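The block underneath contains the structure these notes are about, expressed in C-alpha cells.
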Amino acid sequence: MVDSRVGGPADPTVCVIGAGLSGLATAHALSARGIDFVCLEKAPDVGGIWRQPGAGERGPAYLSLHLNNAKELTGYTDFPMPADMPLYPGHREVATYLRSFAEWAGLLDRVELGTEVLAVRQDGDGAWTVTSRDAGGEVTERRFPHVVVASGHNTEAVLPRPLPPGADSFAGSILHSMDYLDGSDYAGRRVVVVGMGASGVDIASDLSRHAARTLLSIRRALHIVPKQLFGMSVDLIADAPWWHEMTLPEKRAFVGQALLVARGRLSDYGLPEPDHPLFSSAVTISDEILSRIRHGGVVPKPEIDRLDGDRVTFTDGTVEEADTIVYCTGFRMAFPFLPAGCPTDGKEGVVELYKRVVAPGRPGLYFVGLIRPVGAITRLVEAQARWVARAVEGEVPLPTADVMRDEIATYLNGIEERYGRTQGASVQVDVGAYLQELRVPQNV
C-alpha cells in the first residue's frame with residue numbers, strides 16, 4: 001500500500017536523509033532558522049555508524065572504534081562533548097553524545113526512525129518526490145521543495161577485483177571490514193588483514209590481542225601519524241593560527257621532522273615507505289599499530305600474491321598459513337535511491353558537487369558530509385548545514401548549472417594536481433580553506 005501525500009500545505013519544506021552526525025547537524029541548522037523539515041533514518045535510533053557496534057549491527061564501525069580526533073573539535077559548536085569524556089571517546093560514548101544532542105536540540109520529534117528511503121525523484125515542476133518505507137512496511141510518497149542527503153559515504157563494501165588467484169578454494173574465510181565486529185571472535189586464529197588505512201590498522205591492532213598470529217598486508221604505503229605530537233592532539237595543532245599561516249611545503253617539512261623524532265622511519269618497523277609526500281593522500285592516524293608491530297603482535301607483509309588451501313603466498317615469496325583474511329579496502333559511495341546521472345556517481349568515484357554541496361542541474365538537491373578533511377569533520381558539516389539552510393531560504397544565490405560545473409572542474413583540477421587520480425580524492429578538503437569558502441557575507 002502506498003500512502004501518497006503530494007503537495008499539501010502541511011508538508012515540510014525539507015527532507016533530510018540520515019540521522020547520523022551530518023544529518024543531525026543539518027536538522028539543527030534548519031530548526032534554528034525555523035525551517036520545517038522531516039528527517040528519515042532507516043536505523044532504529046539516531047547516531048549513524050557510532051551506534052552500530054553497540055547494537056551488534058553490520059557496518060563500517062567495530063567494537064574497538066574510537067575517535068581519531070580530539071573531542072573539542074568533534075563535538076557540535078552549540079553542544080560540546082562533556083568535560084568528563086575522554087579526549088578520544090569510544091563508539092558507545094559518541095553514540096550517547098549524538099543522541100543527547102538530538103534530545104537537547106529538540107530534533108527527535110522530527111526524526112522518523114526505522115524509515116528507509118526507497119527512491120528520490122525530481123518532478124516536472126522541480127519538486128522532489130521521496131518514497132519511503134517505515135518499520136511497519138508501509139510505503140509513503142511525499143513531495144518536498146528540497147532534499148538533503150546526509151547518509152554518509154561508507155555505503156558499499158569494496159573488495160579487490162579480482163581477488164588473488166586461489167581465493168575460490170581458500171580453506172578459511174574471506175570477509176570485508178564491514179563484517180568485522182570484535183577481535184575476540186578470532187581468538188586463536190591466524191588472520192591476514194589487508195589494508196593500511198584507518199580500519200586496517202585499527203583491526204590489526206585489535207586482532208593482535210586475540211588472534212594466534214596477525215599479519216598486515218600492505219599494497220600501498222601510507223603515512224602513519226600518531227594522534228598526538230608534542231603532547232597535543234594533532235588536529236588541535238592543525239587548528240592553530242600559525243599552522244594556517246604556513247605554506248603546504250612548510251607544513252610537510254614541519255610534520256615530516258616531527259614524525260622522524262616521534263617514531264623514526266616506517267621502514268624501521270618493516271613497513272614500506274610511502275611513495276608520495278605528506279598531505280598528497282589520506283594519512284593514517286594511529287597510536288597503536290607501530291607499538292603492536294614492535295611488540296610482535298602484528299607482522300607487516302607485502303601484497304598477497306596467491307592463495308592455496310590455507311596457505312597465503314605474498315609477493316616477496318614468503319608463505320604463511322591463515323584461517324581468515326579481512327579486507328580493509330574501503331567503501332564505494334552509493335545512493336541507490338537517487339536518480340541515475342546524479343553527480344555522485346561519476347567515473348572512478350569522482351564526486352561532482354558545487355562547493356561540495358550542490359548538485360548542478362538538480363535544483364533543491366544538496367549533500368552534507370560528503371567530504372574528507374585532514375582532521376575533524378564536524379565544523380565543516382555544521383558550516384555546510386548552515387549554508388544549505390540559507391540557500392533553502394534564498395539568502396545564498398546559486399549560480400547557473402554551467403557556472404557550477406566550471407567551479408567543479410577548477411576544483412577537481414586542483415585536486416588532481418595535489419592528490420593524483422586516487423580513489424576518493426575528489427572529496428578531500430582543507431579545513432581552513434573550506435570553511436572560508438562556505439562563509440557567507442553578512443550583506444547577502
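Within each chain, counting starts at residue 1; across the C-alpha cells, chains are named A, B, ... in the order shown, with ligands numbered 1 upward in that order.
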Inset, instruction - Excluding Leu236 in chain A and any residue of its chain fewer than 5 positions from it, enumerate the residues within 9 Å of it, using only C-alpha atoms, and give them as a list of chain:residue names. - result: A:Asn69, A:Ala70, A:Glu72, A:Leu73, A:Gly375
Just-selected residues, N, CA and C atoms written as an mmCIF file, in the first residue's frame:
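Output file selection_29.cif follows:
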```cif
data_model
loop_
_atom_site.group_PDB
_atom_site.id
_atom_site.type_symbol
_atom_site.label_atom_id
_atom_site.label_comp_id
_atom_site.auth_asym_id
_atom_site.auth_seq_id
_atom_site.Cartn_x
_atom_site.Cartn_y
_atom_site.Cartn_z
ATOM 1 N N ASN A 69 40.077 12.007 16.338
ATOM 2 C CA ASN A 69 40.189 13.451 16.507
ATOM 3 C C ASN A 69 39.783 13.846 17.919
ATOM 4 N N ALA A 70 40.337 14.941 18.405
ATOM 5 C CA ALA A 70 40.039 15.398 19.755
ATOM 6 C C ALA A 70 38.563 15.745 19.902
ATOM 7 N N GLU A 72 37.220 18.114 21.444
ATOM 8 C CA GLU A 72 36.936 19.536 21.332
ATOM 9 C C GLU A 72 36.533 19.932 19.918
ATOM 10 N N LEU A 73 37.092 19.239 18.923
ATOM 11 C CA LEU A 73 36.783 19.564 17.534
ATOM 12 C C LEU A 73 35.741 18.635 16.931
ATOM 13 N N GLY A 375 41.524 15.935 9.555
ATOM 14 C CA GLY A 375 41.076 16.436 10.848
ATOM 15 C C GLY A 375 39.600 16.166 11.044
#
```
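The set of residues in range 174-231 of chain A assigned to strand (DSSP E or B) by DSSP, using only backbone atoms of this structure, is A:Ile174, A:Leu175, A:His176, A:Arg190, A:Val191, A:Val192, A:Val193, A:Val194, A:Arg213, A:Thr214, A:Leu215, A:Leu216, A:Ser217, A:Ile224, A:Val225, A:Gln228, A:Leu229.
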Same residues, C-alpha atoms, output as a PDB file, in the first residue's frame:
```
ATOM      1  CA  ILE A 174      37.372 -14.078   3.466  1.00  0.00           C
ATOM      2  CA  LEU A 175      35.482 -11.034   4.680  1.00  0.00           C
ATOM      3  CA  HIS A 176      35.373  -7.268   4.448  1.00  0.00           C
ATOM      4  CA  ARG A 190      45.732 -16.890  12.075  1.00  0.00           C
ATOM      5  CA  VAL A 191      44.492 -13.706  10.419  1.00  0.00           C
ATOM      6  CA  VAL A 192      45.695 -11.610   7.489  1.00  0.00           C
ATOM      7  CA  VAL A 193      44.464  -8.003   7.476  1.00  0.00           C
ATOM      8  CA  VAL A 194      44.677  -6.301   4.086  1.00  0.00           C
ATOM      9  CA  ARG A 213      49.024 -14.584  14.588  1.00  0.00           C
ATOM     10  CA  THR A 214      48.144 -11.279  12.913  1.00  0.00           C
ATOM     11  CA  LEU A 215      49.648 -10.252   9.576  1.00  0.00           C
ATOM     12  CA  LEU A 216      49.163  -6.829   7.982  1.00  0.00           C
ATOM     13  CA  SER A 217      49.322  -6.997   4.178  1.00  0.00           C
ATOM     14  CA  ILE A 224      51.230   6.950   9.752  1.00  0.00           C
ATOM     15  CA  VAL A 225      50.687   9.873  12.098  1.00  0.00           C
ATOM     16  CA  GLN A 228      49.468  13.309  19.459  1.00  0.00           C
ATOM     17  CA  LEU A 229      52.675  15.222  18.747  1.00  0.00           C
TER      18      LEU A 229
END
```
Per DSSP on the backbone, filter range 110-355 of chain A down to the residues in alpha helix (DSSP H) and report them as a compact mmCIF listing (two decimals) with C-alpha atoms, in the first residue's frame.
```txt
# COMPACT_ATOMS: atom_id res chain seq x y z
CA ALA A 198 42.35 3.63 9.47
CA SER A 199 40.22 0.50 9.68
CA GLY A 200 43.13 -1.75 8.65
CA VAL A 201 45.49 -0.62 11.40
CA ASP A 202 42.67 -0.48 13.98
CA ILE A 203 41.51 -4.01 13.21
CA ALA A 204 45.04 -5.42 13.05
CA SER A 205 45.82 -3.87 16.45
CA ASP A 206 42.58 -5.23 17.90
CA LEU A 207 43.15 -8.72 16.48
CA VAL A 234 47.44 16.59 16.02
CA ASP A 235 44.12 18.07 14.91
CA LEU A 236 44.39 20.73 17.63
CA ILE A 237 47.86 21.56 16.28
CA PRO A 241 46.50 30.04 13.62
CA TRP A 242 50.22 29.62 12.99
CA TRP A 243 49.52 26.33 11.19
CA HIS A 244 47.14 28.01 8.73
CA LEU A 248 51.97 23.42 2.12
CA PRO A 249 55.73 22.76 1.72
CA GLU A 250 56.33 24.28 5.18
CA LYS A 251 53.65 22.06 6.68
CA ARG A 252 55.17 18.99 5.06
CA ALA A 253 58.63 19.86 6.35
CA PHE A 254 57.38 20.57 9.87
CA VAL A 255 55.34 17.39 10.21
CA GLY A 256 57.99 15.29 8.48
CA GLN A 257 60.62 16.33 11.03
CA ALA A 258 58.20 15.82 13.91
CA LEU A 259 57.41 12.30 12.71
CA LEU A 260 61.09 11.40 12.47
CA VAL A 261 61.52 12.45 16.10
CA ALA A 262 58.32 10.78 17.31
CA ARG A 263 58.55 7.43 15.54
CA ILE A 289 49.89 -0.02 15.14
CA LEU A 290 53.61 0.78 15.37
CA SER A 291 53.67 -0.32 19.01
CA ARG A 292 51.89 -3.59 18.16
CA ILE A 293 54.46 -4.21 15.41
CA ARG A 294 57.34 -3.53 17.80
```
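Proximity of A:Val298, A:Leu365, A:Ala282, A:Val158 to Arg209 in chain A, computed with only C-alpha atoms, is greatest for A:Val298.
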Inset, instruction - Find the spatial neighbours of Tyr434 in chain A, counting only C-alpha atoms, within a cut-off of 12 Å - ignore same-chain residues fewer than 3 positions away - and output them as a PyMOL selection string. - result: chain A and resi 355-357+371-374+377+379-384+411+427-431+437-439
Inset, instruction - Determine, counting only C-alpha atoms, which protein, DNA and RNA residues have an atom within 12 Å of an atom of Leu67 in chain A; residues of the same chain fewer than 6 positions away are not included. Present the result as a PyMOL selection string. - result: chain A and resi 50+61+73-75+85-95+198-199+202+227+233+235+285-287+375-377
Saved selection, atoms kept: N, CA, C and O atoms, as a short mmCIF file (atom, residue, chain, number, x, y, z; two decimals), in the first residue's frame:
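Written file, selection28.cif:
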```
data_model
loop_
_atom_site.label_atom_id
_atom_site.label_comp_id
_atom_site.auth_asym_id
_atom_site.auth_seq_id
_atom_site.Cartn_x
_atom_site.Cartn_y
_atom_site.Cartn_z
N TRP A 50 28.15 5.24 14.63
CA TRP A 50 28.64 5.16 16.01
C TRP A 50 27.77 4.28 16.89
O TRP A 50 28.24 3.76 17.91
N ALA A 61 31.64 0.35 11.39
CA ALA A 61 32.18 0.52 12.74
C ALA A 61 32.37 -0.84 13.41
O ALA A 61 31.75 -1.84 13.05
N LEU A 73 37.09 19.24 18.92
CA LEU A 73 36.78 19.56 17.53
C LEU A 73 35.74 18.63 16.93
O LEU A 73 35.30 18.84 15.80
N THR A 74 35.35 17.60 17.68
CA THR A 74 34.38 16.64 17.15
C THR A 74 32.97 16.95 17.64
O THR A 74 31.99 16.65 16.96
N GLY A 75 32.86 17.56 18.81
CA GLY A 75 31.54 17.93 19.31
C GLY A 75 30.95 19.08 18.53
O GLY A 75 31.66 19.87 17.89
N MET A 85 34.35 13.38 29.46
CA MET A 85 34.52 12.41 28.40
C MET A 85 35.99 12.35 28.01
O MET A 85 36.68 13.36 28.01
N PRO A 86 36.53 11.16 27.70
CA PRO A 86 37.94 11.07 27.29
C PRO A 86 38.23 11.94 26.07
O PRO A 86 37.31 12.29 25.30
N LEU A 87 39.50 12.26 25.87
CA LEU A 87 39.88 13.07 24.72
C LEU A 87 39.50 12.36 23.42
O LEU A 87 39.08 13.01 22.45
N TYR A 88 39.64 11.03 23.40
CA TYR A 88 39.27 10.22 22.23
C TYR A 88 38.23 9.18 22.65
O TYR A 88 38.55 8.03 22.91
N PRO A 89 36.97 9.57 22.75
CA PRO A 89 35.94 8.65 23.23
C PRO A 89 35.69 7.49 22.27
O PRO A 89 35.97 7.58 21.07
N GLY A 90 35.15 6.40 22.83
CA GLY A 90 34.81 5.23 22.04
C GLY A 90 33.43 5.36 21.41
O GLY A 90 32.70 6.33 21.65
N HIS A 91 33.07 4.35 20.64
CA HIS A 91 31.83 4.43 19.86
C HIS A 91 30.60 4.57 20.74
O HIS A 91 29.66 5.31 20.41
N ARG A 92 30.56 3.89 21.90
CA ARG A 92 29.38 3.99 22.77
C ARG A 92 29.20 5.41 23.29
O ARG A 92 28.08 5.94 23.35
N GLU A 93 30.32 6.02 23.69
CA GLU A 93 30.24 7.39 24.21
C GLU A 93 29.83 8.37 23.13
O GLU A 93 29.04 9.29 23.38
N VAL A 94 30.33 8.18 21.91
CA VAL A 94 29.96 9.08 20.82
C VAL A 94 28.48 8.89 20.47
O VAL A 94 27.76 9.87 20.25
N ALA A 95 28.02 7.65 20.44
CA ALA A 95 26.61 7.39 20.13
C ALA A 95 25.70 8.01 21.18
O ALA A 95 24.66 8.62 20.85
N ALA A 198 42.76 3.55 8.06
CA ALA A 198 42.35 3.63 9.47
C ALA A 198 41.76 2.32 9.97
O ALA A 198 42.14 1.83 11.05
N SER A 199 40.84 1.73 9.21
CA SER A 199 40.22 0.50 9.68
C SER A 199 41.23 -0.65 9.68
O SER A 199 41.20 -1.51 10.57
N ASP A 202 43.49 -0.27 12.77
CA ASP A 202 42.67 -0.48 13.98
C ASP A 202 42.36 -1.96 14.18
O ASP A 202 42.50 -2.50 15.28
N LYS A 227 48.27 10.10 17.12
CA LYS A 227 47.20 11.01 17.49
C LYS A 227 47.73 12.27 18.16
O LYS A 227 47.05 13.32 18.14
N SER A 233 47.02 16.89 20.70
CA SER A 233 46.31 16.20 19.63
C SER A 233 46.66 16.85 18.30
O SER A 233 46.68 18.08 18.18
N ASP A 235 45.11 17.21 15.54
CA ASP A 235 44.12 18.07 14.91
C ASP A 235 44.01 19.41 15.64
O ASP A 235 43.64 20.42 15.03
N ILE A 285 45.89 7.74 10.92
CA ILE A 285 46.08 8.19 12.30
C ILE A 285 46.04 6.97 13.22
O ILE A 285 45.04 6.25 13.25
N SER A 286 47.11 6.74 13.94
CA SER A 286 47.14 5.59 14.85
C SER A 286 48.24 5.74 15.89
O SER A 286 49.38 6.07 15.55
N ASP A 287 47.88 5.52 17.14
CA ASP A 287 48.86 5.44 18.22
C ASP A 287 49.32 4.01 18.47
O ASP A 287 50.32 3.79 19.14
N GLY A 375 41.52 15.93 9.56
CA GLY A 375 41.08 16.44 10.85
C GLY A 375 39.60 16.17 11.04
O GLY A 375 38.96 15.44 10.27
N ALA A 376 39.04 16.77 12.09
CA ALA A 376 37.64 16.54 12.44
C ALA A 376 36.71 17.13 11.38
O ALA A 376 36.96 18.21 10.84
N ILE A 377 35.62 16.43 11.14
CA ILE A 377 34.69 16.84 10.09
C ILE A 377 33.56 17.71 10.62
O ILE A 377 32.89 18.40 9.85
#
```
